[in-house]
Every structure is written in structure tokens, then in C-alpha cells.
$ cat entry-v2.pdb   # PDB, C-alpha atoms and all ligand atoms
ATOM      1  CA  MET L  87     125.890 104.742  86.473  1.00  0.00           C
ATOM      2  CA  SER L  88     123.148 103.552  84.218  1.00  0.00           C
ATOM      3  CA  GLU L  89     120.988 106.493  85.278  1.00  0.00           C
ATOM      4  CA  THR L  90     123.226 108.842  83.315  1.00  0.00           C
ATOM      5  CA  LEU L  91     122.591 107.063  80.018  1.00  0.00           C
ATOM      6  CA  PRO L  92     119.942 108.755  77.874  1.00  0.00           C
ATOM      7  CA  GLU L  93     116.709 106.904  77.379  1.00  0.00           C
ATOM      8  CA  ALA L  94     116.813 105.123  74.024  1.00  0.00           C
ATOM      9  CA  GLY L  95     113.349 103.643  73.917  1.00  0.00           C
ATOM     10  CA  ARG L  96     110.176 103.008  75.847  1.00  0.00           C
ATOM     11  CA  CYS L  97     106.950 101.045  75.641  1.00  0.00           C
ATOM     12  CA  LEU L  98     103.621 102.624  74.807  1.00  0.00           C
ATOM     13  CA  CYS L  99     102.636 103.310  78.437  1.00  0.00           C
ATOM     14  CA  GLY L 100     106.131 104.491  79.364  1.00  0.00           C
ATOM     15  CA  GLY L 101     106.424 102.053  82.238  1.00  0.00           C
ATOM     16  CA  VAL L 102     109.273 100.207  80.519  1.00  0.00           C
ATOM     17  CA  ARG L 103     112.176 102.470  79.620  1.00  0.00           C
ATOM     18  CA  TYR L 104     115.665 101.509  78.544  1.00  0.00           C
ATOM     19  CA  ALA L 105     119.009 102.901  77.539  1.00  0.00           C
ATOM     20  CA  LEU L 106     121.611 101.404  75.224  1.00  0.00           C
ATOM     21  CA  ARG L 107     125.376 101.310  75.683  1.00  0.00           C
ATOM     22  CA  ALA L 108     125.664 100.523  71.958  1.00  0.00           C
ATOM     23  CA  LEU L 109     123.215 101.340  69.218  1.00  0.00           C
ATOM     24  CA  PRO L 110     122.022  98.577  66.910  1.00  0.00           C
ATOM     25  CA  GLU L 111     123.980  98.409  63.681  1.00  0.00           C
ATOM     26  CA  ALA L 112     121.149  97.199  61.505  1.00  0.00           C
ATOM     27  CA  VAL L 113     117.526  96.245  61.458  1.00  0.00           C
ATOM     28  CA  PHE L 114     115.728  93.256  59.993  1.00  0.00           C
ATOM     29  CA  LEU L 115     112.195  93.195  58.695  1.00  0.00           C
ATOM     30  CA  CYS L 116     110.721  89.875  59.706  1.00  0.00           C
ATOM     31  CA  HIS L 117     107.581  88.782  57.904  1.00  0.00           C
ATOM     32  CA  CYS L 118     107.165  85.459  59.674  1.00  0.00           C
ATOM     33  CA  ARG L 119     103.730  84.490  60.900  1.00  0.00           C
ATOM     34  CA  THR L 120     104.857  84.357  64.532  1.00  0.00           C
ATOM     35  CA  CYS L 121     106.128  87.934  64.369  1.00  0.00           C
ATOM     36  CA  GLN L 122     102.898  89.046  62.716  1.00  0.00           C
ATOM     37  CA  GLN L 123     100.902  87.585  65.577  1.00  0.00           C
ATOM     38  CA  ALA L 124     103.282  88.793  68.275  1.00  0.00           C
ATOM     39  CA  GLN L 125     103.307  92.369  66.962  1.00  0.00           C
ATOM     40  CA  GLY L 126      99.743  92.471  65.661  1.00  0.00           C
ATOM     41  CA  ALA L 127     101.289  93.998  62.573  1.00  0.00           C
ATOM     42  CA  ALA L 128     102.248  93.111  59.022  1.00  0.00           C
ATOM     43  CA  PHE L 129     105.905  92.666  59.949  1.00  0.00           C
ATOM     44  CA  ASN L 130     108.367  93.121  62.766  1.00  0.00           C
ATOM     45  CA  LEU L 131     111.348  95.475  62.999  1.00  0.00           C
ATOM     46  CA  SER L 132     114.117  93.586  64.793  1.00  0.00           C
ATOM     47  CA  ALA L 133     117.329  95.238  65.910  1.00  0.00           C
ATOM     48  CA  PRO L 134     119.855  92.978  67.624  1.00  0.00           C
ATOM     49  CA  VAL L 135     122.184  94.347  70.270  1.00  0.00           C
ATOM     50  CA  PRO L 136     124.558  92.630  72.668  1.00  0.00           C
ATOM     51  CA  ARG L 137     122.609  91.855  75.832  1.00  0.00           C
ATOM     52  CA  GLU L 138     125.068  93.805  77.961  1.00  0.00           C
ATOM     53  CA  ALA L 139     124.311  96.905  75.864  1.00  0.00           C
ATOM     54  CA  PHE L 140     120.712  96.902  77.083  1.00  0.00           C
ATOM     55  CA  VAL L 141     120.169  98.848  80.308  1.00  0.00           C
ATOM     56  CA  LEU L 142     116.695  98.747  81.778  1.00  0.00           C
ATOM     57  CA  LEU L 143     115.913 102.122  83.348  1.00  0.00           C
ATOM     58  CA  ALA L 144     112.423 101.292  84.591  1.00  0.00           C
ATOM     59  CA  GLY L 145     109.760  98.642  84.437  1.00  0.00           C
ATOM     60  CA  GLU L 146     111.408  95.380  85.425  1.00  0.00           C
ATOM     61  CA  GLY L 147     108.199  94.314  87.149  1.00  0.00           C
ATOM     62  CA  LEU L 148     106.193  94.993  83.995  1.00  0.00           C
ATOM     63  CA  LEU L 149     108.158  92.719  81.682  1.00  0.00           C
ATOM     64  CA  VAL L 150     106.490  89.422  80.848  1.00  0.00           C
ATOM     65  CA  ARG L 151     108.239  86.629  78.983  1.00  0.00           C
ATOM     66  CA  TYR L 152     106.447  84.382  76.495  1.00  0.00           C
ATOM     67  CA  GLU L 153     108.274  81.423  74.977  1.00  0.00           C
ATOM     68  CA  SER L 154     106.936  81.566  71.416  1.00  0.00           C
ATOM     69  CA  SER L 155     109.067  78.698  70.186  1.00  0.00           C
ATOM     70  CA  PRO L 156     111.403  76.386  72.089  1.00  0.00           C
ATOM     71  CA  GLY L 157     114.193  78.428  73.648  1.00  0.00           C
ATOM     72  CA  LYS L 158     112.983  81.756  72.243  1.00  0.00           C
ATOM     73  CA  ASP L 159     111.326  84.265  74.550  1.00  0.00           C
ATOM     74  CA  ARG L 160     109.345  87.294  73.470  1.00  0.00           C
ATOM     75  CA  VAL L 161     109.288  89.929  76.203  1.00  0.00           C
ATOM     76  CA  PHE L 162     106.515  92.508  76.412  1.00  0.00           C
ATOM     77  CA  CYS L 163     105.006  95.070  78.772  1.00  0.00           C
ATOM     78  CA  ARG L 164     102.121  93.592  80.709  1.00  0.00           C
ATOM     79  CA  CYS L 165     100.507  97.013  81.130  1.00  0.00           C
ATOM     80  CA  CYS L 166     100.337  98.205  77.506  1.00  0.00           C
ATOM     81  CA  GLY L 167     101.319  95.092  75.544  1.00  0.00           C
ATOM     82  CA  SER L 168     104.234  96.671  73.685  1.00  0.00           C
ATOM     83  CA  PRO L 169     106.696  94.062  72.470  1.00  0.00           C
ATOM     84  CA  VAL L 170     110.053  95.197  73.882  1.00  0.00           C
ATOM     85  CA  TYR L 171     112.553  92.568  72.781  1.00  0.00           C
ATOM     86  CA  ALA L 172     113.026  88.890  72.034  1.00  0.00           C
ATOM     87  CA  GLU L 173     115.929  86.690  72.938  1.00  0.00           C
ATOM     88  CA  ARG L 174     117.228  83.209  73.255  1.00  0.00           C
ATOM     89  CA  PRO L 175     118.538  83.257  76.830  1.00  0.00           C
ATOM     90  CA  ASP L 176     121.367  80.905  75.900  1.00  0.00           C
ATOM     91  CA  THR L 177     122.771  83.446  73.427  1.00  0.00           C
ATOM     92  CA  PRO L 178     124.384  86.867  74.148  1.00  0.00           C
ATOM     93  CA  VAL L 179     121.956  88.761  71.887  1.00  0.00           C
ATOM     94  CA  ARG L 180     118.838  90.717  72.720  1.00  0.00           C
ATOM     95  CA  VAL L 181     116.692  91.563  69.704  1.00  0.00           C
ATOM     96  CA  LEU L 182     114.986  94.896  70.193  1.00  0.00           C
ATOM     97  CA  ARG L 183     111.643  95.746  68.666  1.00  0.00           C
ATOM     98  CA  ALA L 184     113.071  98.739  66.838  1.00  0.00           C
ATOM     99  CA  ALA L 185     109.889 100.790  66.593  1.00  0.00           C
ATOM    100  CA  LEU L 186     110.211 101.478  70.328  1.00  0.00           C
ATOM    101  CA  LEU L 187     113.458 103.373  69.783  1.00  0.00           C
ATOM    102  CA  HIS L 188     113.206 107.154  69.856  1.00  0.00           C
ATOM    103  CA  ASP L 189     115.901 107.628  67.264  1.00  0.00           C
ATOM    104  CA  LEU L 190     116.429 105.083  64.517  1.00  0.00           C
ATOM    105  CA  ARG L 191     119.452 106.973  63.113  1.00  0.00           C
ATOM    106  CA  ALA L 192     118.806 105.827  59.543  1.00  0.00           C
ATOM    107  CA  LEU L 193     119.328 102.238  60.608  1.00  0.00           C
ATOM    108  CA  PRO L 194     120.216 100.167  57.559  1.00  0.00           C
ATOM    109  CA  VAL L 195     117.830  97.369  56.697  1.00  0.00           C
ATOM    110  CA  GLN L 196     120.143  94.396  56.566  1.00  0.00           C
ATOM    111  CA  ALA L 197     117.629  91.840  55.363  1.00  0.00           C
ATOM    112  CA  GLN L 198     114.000  90.936  55.078  1.00  0.00           C
ATOM    113  CA  LEU L 199     113.242  87.553  56.572  1.00  0.00           C
ATOM    114  CA  HIS L 200     110.514  85.057  55.727  1.00  0.00           C
ATOM    115  CA  GLU L 201     109.263  87.062  52.769  1.00  0.00           C
ATOM    116  CA  GLY L 202     107.265  84.037  51.683  1.00  0.00           C
ATOM    117  CA  GLU L 203     104.900  84.741  54.581  1.00  0.00           C
ATOM    118  CA  ALA L 204     104.687  88.475  53.903  1.00  0.00           C
ATOM    119  CA  LEU L 205     101.296  90.176  54.182  1.00  0.00           C
ATOM    120  CA  VAL L 206     102.644  93.242  52.401  1.00  0.00           C
ATOM    121  CA  ALA L 207     105.624  93.597  50.101  1.00  0.00           C
ATOM    122  CA  VAL L 208     108.240  96.126  51.188  1.00  0.00           C
ATOM    123  CA  PRO L 209     110.381  96.104  48.062  1.00  0.00           C
ATOM    124  CA  ASP L 210     112.721  99.042  48.600  1.00  0.00           C
ATOM    125  CA  ALA L 211     113.354  99.100  52.339  1.00  0.00           C
ATOM    126  CA  GLN L 212     116.940 100.270  52.780  1.00  0.00           C
ATOM    127  CA  PHE L 213     116.905 102.417  55.897  1.00  0.00           C
ATOM    128  CA  LEU L 214     114.686 103.244  58.794  1.00  0.00           C
ATOM    129  CA  GLN L 215     114.580 106.986  59.278  1.00  0.00           C
ATOM    130  CA  GLY L 216     114.904 108.763  62.578  1.00  0.00           C
ATOM    131  CA  PRO L 217     114.273 110.458  64.838  1.00  0.00           C
ATOM    132  CA  ILE L 218     110.688 109.527  65.384  1.00  0.00           C
ATOM    133  CA  VAL L 219     108.687 112.696  65.939  1.00  0.00           C
ATOM    134  CA  GLN L 220     107.251 112.816  69.439  1.00  0.00           C
ATOM    135  CA  GLY L 221     103.940 114.535  68.809  1.00  0.00           C
ATOM    136  CA  GLU L 222     100.284 114.110  69.504  1.00  0.00           C
ATOM    137  CA  PRO L 223      99.232 110.632  70.560  1.00  0.00           C
ATOM    138  CA  HIS L 224      97.867 108.565  67.714  1.00  0.00           C
ATOM    139  CA  GLU L 225      95.242 105.868  67.857  1.00  0.00           C
TER     140      GLU L 225
HETATM  141 ZN    ZN W   1     104.011  99.557  78.764  1.00  0.00          ZN
HETATM  142 ZN    ZN W   2     109.736  86.672  62.708  1.00  0.00          ZN
END
$ encode --input "entry-v2.pdb" --output "C-alpha cells"
Amino acid sequence: MSETLPEAGRCLCGGVRYALRALPEAVFLCHCRTCQQAQGAAFNLSAPVPREAFVLLAGEGLLVRYESSPGKDRVFCRCCGSPVYAERPDTPVRVLRAALLHDLRALPVQAQLHEGEALVAVPDAQFLQGPIVQGEPHE
């Protein structure tokens, strides 16, 4: 039963919640211009998992799909705008937006992509640290 899996991540409003049958093995920092615009941030934290490892616990009706380039969909919460994952539906991979995960478990940074488009240099990124502290809401 998927309901017995612990929640692994959620969007900002909490309407979209998911569990994972397998944790991502690595994360990528993507500095491409499309990711910058999609995240509204200097770079994107991408964590690929097999699609069957992703178990949506809540929020199916909130997920909106935007095809940012041919065959590639970026999926976000229509209530709060959090980017949740991206995928090419013809592949078996779902690429999580890793900052939504509650526990990053010192995910190794496997690569930085499109550094030529970087807004900020991140020279020594080796691991993402977890767990993320769940504290006071920030702006
Ligand atoms: Zn949301
Ligand atoms: Zn990118």
C-alpha cells in the first residue's frame, strides 16, 4: 500500500505530497537558462529516480504540465508554483526537484550542467546535506 510509505517530499503549499520507493542516488546542479526561469533561481537541483519509484500521495489534481522543450515536461503545483519534477514521458525517468525532499541524505553532486550559463559559480559542490530543518516559515 502506497499509504504506508513515508512522505519524502512536498510542494510549498503541501497540496502535492509524494513518497519514494527508491531514493535518488545523486543530484545534478543545472545552470541552464531554462532551469533558471523554471525555478526562478540561480540553478536547479535535479535528482533522477525511476518513474515507478515515485508514489504520489496527494495532489494529482494540482499538478500542471508545461512542455518547456519538445518532449520535455516540467510539472509544477498550480496552487503554490513549486516545481515538483520534470520528465520526458517517453523515458522511464522522473527528475525530481531535489529541494522539495525532506531529507537529502548527503546526496552526492554528480555533475554541474551548463556551467557556461551559470549566474553564480558553485565551485566546490560535492554533497547536498540533509535533513532539511523543518522550522519557521521563511519568506
Ligand atoms: Zn503546492
Ligand atoms: Zn537545466
$ residues_near_point --input "entry-v2.pdb" --point "(121.8, 107.0, 84.2)" --cutoff "12 Å" --atoms "only C-alpha atoms" --output "JSON, numbers by chain"
{"L": [87, 88, 89, 90, 91, 92, 93, 94, 103, 104, 105, 106, 107, 141, 142, 143, 144]}
$ residues_near_ligand --input "entry-v2.pdb" --ligand "ligand ZN 2 (chain W)" --cutoff "8 Å" --atoms "all atoms listed in the file" --output "ChimeraX atom specification"
/L:116-122,129-130,199-200
$ closest_residue --input "entry-v2.pdb" --among "L:Val135, L:Ala192, L:Cys97, L:Val113" --to "Leu214 of chain L" --atoms "only C-alpha atoms"
L:Ala192
$ closest_atom_pairs --input "entry-v2.pdb" --of "chain L" --to "ligand ZN 1 (chain W)" --cutoff "8 Å" --atoms "only C-alpha atoms and all ligand atoms" --output "CSV"
residue,atom,partner,partner_atom,distance
L:Arg96,CA,W:ZN1,ZN,7.6
L:Cys97,CA,W:ZN1,ZN,4.5
L:Leu98,CA,W:ZN1,ZN,5.0
L:Cys99,CA,W:ZN1,ZN,4.0
L:Gly100,CA,W:ZN1,ZN,5.4
L:Gly101,CA,W:ZN1,ZN,4.9
L:Val102,CA,W:ZN1,ZN,5.6
L:Leu148,CA,W:ZN1,ZN,7.3
L:Phe162,CA,W:ZN1,ZN,7.8
L:Cys163,CA,W:ZN1,ZN,4.6
L:Arg164,CA,W:ZN1,ZN,6.6
L:Cys165,CA,W:ZN1,ZN,4.9
L:Cys166,CA,W:ZN1,ZN,4.1
L:Gly167,CA,W:ZN1,ZN,6.1
L:Ser168,CA,W:ZN1,ZN,5.8
$ resolve_selection --input "entry-v2.pdb" --expression "the PyMOL selection byres (((chain L and resi 205) around 6) and not hetatm)" --output "ChimeraX atom specification"
/L:128,204,206
$ resolve_selection --input "entry-v2.pdb" --expression "the PyMOL selection byres (((chain L and resi 153) around 12) and not hetatm)" --output "VMD selection string"
chain L and resid 120 124 150 to 152 154 to 162 172 to 175
$ closest_residue --input "entry-v2.pdb" --among "L:Leu149, L:Leu131, L:Val181, L:Leu109" --to "Phe213 of chain L" --atoms "only C-alpha atoms"
L:Leu131
$ atom_distance --input "entry-v2.pdb" --atom1 "atom CA of Phe114 of chain L" --atom2 "atom CA of Ala211 of chain L"
9.9 Å
$ residues_around --input "entry-v2.pdb" --residues "Ala185 of chain L" --least-positions-apart "3" --cutoff "9 Å" --atoms "only C-alpha atoms" --output "list in words"
Gly95, Asn130, Leu131, Ser132, Leu182, His188, Leu190 and Ile218 of chain L
$ atom_distance --input "entry-v2.pdb" --atom1 "atom CA of Leu186 of chain L" --atom2 "atom CA of Asp210 of chain L"
22.0 Å
$ atom_distance --input "entry-v2.pdb" --atom1 "atom CA of Glu111 of chain L" --atom2 "atom CA of Gln196 of chain L"
9.0 Å
$ closest_residue --input "entry-v2.pdb" --among "L:Pro134, L:Pro110, L:Gly145, L:Gly126" --to "Tyr171 of chain L" --atoms "all atoms listed in the file"
L:Pro134
$ decode --input "entry-v2.pdb" --residues "segment 144-160 of chain L" --atoms "all heavy atoms" --output "PDB file, in the first residue's frame"
ATOM      1  N   ALA L 144      -0.661  12.686  -2.608  1.00  0.00           N
ATOM      2  CA  ALA L 144      -1.760  13.660  -2.668  1.00  0.00           C
ATOM      3  C   ALA L 144      -1.444  14.695  -3.724  1.00  0.00           C
ATOM      4  O   ALA L 144      -0.271  14.968  -4.017  1.00  0.00           O
ATOM      5  CB  ALA L 144      -1.932  14.348  -1.314  1.00  0.00           C
ATOM      6  N   GLY L 145      -2.497  15.259  -4.310  1.00  0.00           N
ATOM      7  CA  GLY L 145      -2.324  16.416  -5.163  1.00  0.00           C
ATOM      8  C   GLY L 145      -2.341  16.161  -6.656  1.00  0.00           C
ATOM      9  O   GLY L 145      -1.932  17.035  -7.420  1.00  0.00           O
ATOM     10  N   GLU L 146      -2.851  15.023  -7.076  1.00  0.00           N
ATOM     11  CA  GLU L 146      -2.852  14.755  -8.524  1.00  0.00           C
ATOM     12  C   GLU L 146      -3.543  15.876  -9.299  1.00  0.00           C
ATOM     13  O   GLU L 146      -3.077  16.284 -10.364  1.00  0.00           O
ATOM     14  CB  GLU L 146      -3.513  13.408  -8.810  1.00  0.00           C
ATOM     15  CG  GLU L 146      -3.476  13.041 -10.291  1.00  0.00           C
ATOM     16  CD  GLU L 146      -3.563  11.546 -10.529  1.00  0.00           C
ATOM     17  OE1 GLU L 146      -4.034  10.831  -9.631  1.00  0.00           O
ATOM     18  OE2 GLU L 146      -3.150  11.110 -11.615  1.00  0.00           O
ATOM     19  N   GLY L 147      -4.627  16.394  -8.749  1.00  0.00           N
ATOM     20  CA  GLY L 147      -5.367  17.450  -9.428  1.00  0.00           C
ATOM     21  C   GLY L 147      -4.665  18.797  -9.432  1.00  0.00           C
ATOM     22  O   GLY L 147      -5.099  19.726 -10.113  1.00  0.00           O
ATOM     23  N   LEU L 148      -3.597  18.909  -8.657  1.00  0.00           N
ATOM     24  CA  LEU L 148      -2.854  20.176  -8.600  1.00  0.00           C
ATOM     25  C   LEU L 148      -1.706  20.216  -9.595  1.00  0.00           C
ATOM     26  O   LEU L 148      -1.159  21.287  -9.869  1.00  0.00           O
ATOM     27  CB  LEU L 148      -2.286  20.394  -7.190  1.00  0.00           C
ATOM     28  CG  LEU L 148      -3.297  20.617  -6.071  1.00  0.00           C
ATOM     29  CD1 LEU L 148      -2.594  20.681  -4.718  1.00  0.00           C
ATOM     30  CD2 LEU L 148      -4.075  21.902  -6.317  1.00  0.00           C
ATOM     31  N   LEU L 149      -1.299  19.068 -10.102  1.00  0.00           N
ATOM     32  CA  LEU L 149      -0.112  19.025 -10.953  1.00  0.00           C
ATOM     33  C   LEU L 149      -0.436  19.518 -12.363  1.00  0.00           C
ATOM     34  O   LEU L 149      -1.384  19.057 -12.992  1.00  0.00           O
ATOM     35  CB  LEU L 149       0.444  17.594 -11.017  1.00  0.00           C
ATOM     36  CG  LEU L 149       1.062  17.095  -9.708  1.00  0.00           C
ATOM     37  CD1 LEU L 149       1.453  15.628  -9.830  1.00  0.00           C
ATOM     38  CD2 LEU L 149       2.267  17.943  -9.318  1.00  0.00           C
ATOM     39  N   VAL L 150       0.356  20.470 -12.813  1.00  0.00           N
ATOM     40  CA  VAL L 150       0.240  21.040 -14.142  1.00  0.00           C
ATOM     41  C   VAL L 150       1.533  20.740 -14.891  1.00  0.00           C
ATOM     42  O   VAL L 150       2.619  20.784 -14.317  1.00  0.00           O
ATOM     43  CB  VAL L 150       0.008  22.564 -14.082  1.00  0.00           C
ATOM     44  CG1 VAL L 150      -0.078  23.152 -15.479  1.00  0.00           C
ATOM     45  CG2 VAL L 150      -1.242  22.883 -13.293  1.00  0.00           C
ATOM     46  N   ARG L 151       1.378  20.441 -16.177  1.00  0.00           N
ATOM     47  CA  ARG L 151       2.492  20.008 -17.005  1.00  0.00           C
ATOM     48  C   ARG L 151       2.771  21.110 -18.032  1.00  0.00           C
ATOM     49  O   ARG L 151       1.862  21.578 -18.708  1.00  0.00           O
ATOM     50  CB  ARG L 151       2.021  18.724 -17.697  1.00  0.00           C
ATOM     51  CG  ARG L 151       3.035  17.865 -18.340  1.00  0.00           C
ATOM     52  CD  ARG L 151       2.366  16.530 -18.700  1.00  0.00           C
ATOM     53  NE  ARG L 151       2.320  15.629 -17.568  1.00  0.00           N
ATOM     54  CZ  ARG L 151       3.309  14.771 -17.260  1.00  0.00           C
ATOM     55  NH1 ARG L 151       4.378  14.679 -18.028  1.00  0.00           N
ATOM     56  NH2 ARG L 151       3.212  13.993 -16.216  1.00  0.00           N
ATOM     57  N   TYR L 152       4.022  21.528 -18.113  1.00  0.00           N
ATOM     58  CA  TYR L 152       4.410  22.519 -19.119  1.00  0.00           C
ATOM     59  C   TYR L 152       5.544  21.936 -19.958  1.00  0.00           C
ATOM     60  O   TYR L 152       6.570  21.527 -19.414  1.00  0.00           O
ATOM     61  CB  TYR L 152       4.873  23.824 -18.452  1.00  0.00           C
ATOM     62  CG  TYR L 152       5.443  24.801 -19.448  1.00  0.00           C
ATOM     63  CD1 TYR L 152       4.618  25.420 -20.389  1.00  0.00           C
ATOM     64  CD2 TYR L 152       6.805  25.077 -19.481  1.00  0.00           C
ATOM     65  CE1 TYR L 152       5.141  26.292 -21.332  1.00  0.00           C
ATOM     66  CE2 TYR L 152       7.338  25.948 -20.417  1.00  0.00           C
ATOM     67  CZ  TYR L 152       6.500  26.554 -21.339  1.00  0.00           C
ATOM     68  OH  TYR L 152       7.016  27.403 -22.277  1.00  0.00           O
ATOM     69  N   GLU L 153       5.320  21.884 -21.256  1.00  0.00           N
ATOM     70  CA  GLU L 153       6.347  21.331 -22.158  1.00  0.00           C
ATOM     71  C   GLU L 153       7.340  22.444 -22.490  1.00  0.00           C
ATOM     72  O   GLU L 153       7.083  23.292 -23.331  1.00  0.00           O
ATOM     73  CB  GLU L 153       5.695  20.772 -23.426  1.00  0.00           C
ATOM     74  CG  GLU L 153       6.681  20.021 -24.311  1.00  0.00           C
ATOM     75  CD  GLU L 153       5.993  19.369 -25.505  1.00  0.00           C
ATOM     76  OE1 GLU L 153       4.839  19.719 -25.820  1.00  0.00           O
ATOM     77  OE2 GLU L 153       6.641  18.499 -26.137  1.00  0.00           O
ATOM     78  N   SER L 154       8.476  22.445 -21.780  1.00  0.00           N
ATOM     79  CA  SER L 154       9.428  23.552 -21.898  1.00  0.00           C
ATOM     80  C   SER L 154      10.312  23.418 -23.128  1.00  0.00           C
ATOM     81  O   SER L 154      10.841  24.416 -23.622  1.00  0.00           O
ATOM     82  CB  SER L 154      10.297  23.648 -20.641  1.00  0.00           C
ATOM     83  OG  SER L 154      11.041  22.465 -20.455  1.00  0.00           O
ATOM     84  N   SER L 155      10.514  22.214 -23.583  1.00  0.00           N
ATOM     85  CA  SER L 155      11.168  21.990 -24.865  1.00  0.00           C
ATOM     86  C   SER L 155      10.559  20.721 -25.430  1.00  0.00           C
ATOM     87  O   SER L 155       9.929  19.955 -24.685  1.00  0.00           O
ATOM     88  CB  SER L 155      12.691  21.899 -24.718  1.00  0.00           C
ATOM     89  OG  SER L 155      13.040  20.985 -23.721  1.00  0.00           O
ATOM     90  N   PRO L 156      10.693  20.483 -26.727  1.00  0.00           N
ATOM     91  CA  PRO L 156       9.943  19.370 -27.327  1.00  0.00           C
ATOM     92  C   PRO L 156      10.176  18.047 -26.602  1.00  0.00           C
ATOM     93  O   PRO L 156      11.320  17.604 -26.445  1.00  0.00           O
ATOM     94  CB  PRO L 156      10.462  19.338 -28.765  1.00  0.00           C
ATOM     95  CG  PRO L 156      10.878  20.752 -29.040  1.00  0.00           C
ATOM     96  CD  PRO L 156      11.447  21.250 -27.728  1.00  0.00           C
ATOM     97  N   GLY L 157       9.100  17.451 -26.119  1.00  0.00           N
ATOM     98  CA  GLY L 157       9.185  16.155 -25.464  1.00  0.00           C
ATOM     99  C   GLY L 157       9.573  16.208 -24.012  1.00  0.00           C
ATOM    100  O   GLY L 157       9.642  15.177 -23.357  1.00  0.00           O
ATOM    101  N   LYS L 158       9.840  17.396 -23.464  1.00  0.00           N
ATOM    102  CA  LYS L 158      10.231  17.501 -22.056  1.00  0.00           C
ATOM    103  C   LYS L 158       9.198  18.317 -21.301  1.00  0.00           C
ATOM    104  O   LYS L 158       8.938  19.475 -21.632  1.00  0.00           O
ATOM    105  CB  LYS L 158      11.595  18.157 -21.904  1.00  0.00           C
ATOM    106  CG  LYS L 158      11.981  18.316 -20.427  1.00  0.00           C
ATOM    107  CD  LYS L 158      13.391  18.775 -20.227  1.00  0.00           C
ATOM    108  CE  LYS L 158      13.694  18.884 -18.730  1.00  0.00           C
ATOM    109  NZ  LYS L 158      15.103  19.200 -18.484  1.00  0.00           N
ATOM    110  N   ASP L 159       8.596  17.696 -20.296  1.00  0.00           N
ATOM    111  CA  ASP L 159       7.576  18.343 -19.486  1.00  0.00           C
ATOM    112  C   ASP L 159       8.147  18.734 -18.138  1.00  0.00           C
ATOM    113  O   ASP L 159       8.850  17.946 -17.498  1.00  0.00           O
ATOM    114  CB  ASP L 159       6.395  17.387 -19.240  1.00  0.00           C
ATOM    115  CG  ASP L 159       5.635  17.067 -20.506  1.00  0.00           C
ATOM    116  OD1 ASP L 159       5.744  17.837 -21.484  1.00  0.00           O
ATOM    117  OD2 ASP L 159       4.933  16.044 -20.516  1.00  0.00           O
ATOM    118  N   ARG L 160       7.809  19.926 -17.708  1.00  0.00           N
ATOM    119  CA  ARG L 160       8.103  20.363 -16.339  1.00  0.00           C
ATOM    120  C   ARG L 160       6.771  20.409 -15.609  1.00  0.00           C
ATOM    121  O   ARG L 160       5.818  21.019 -16.078  1.00  0.00           O
ATOM    122  CB  ARG L 160       8.788  21.726 -16.339  1.00  0.00           C
ATOM    123  CG  ARG L 160      10.194  21.665 -16.935  1.00  0.00           C
ATOM    124  CD  ARG L 160      10.809  23.038 -17.108  1.00  0.00           C
ATOM    125  NE  ARG L 160      12.102  22.940 -17.784  1.00  0.00           N
ATOM    126  CZ  ARG L 160      13.282  22.912 -17.171  1.00  0.00           C
ATOM    127  NH1 ARG L 160      13.336  23.002 -15.855  1.00  0.00           N
ATOM    128  NH2 ARG L 160      14.389  22.813 -17.862  1.00  0.00           N
TER     129      ARG L 160
END
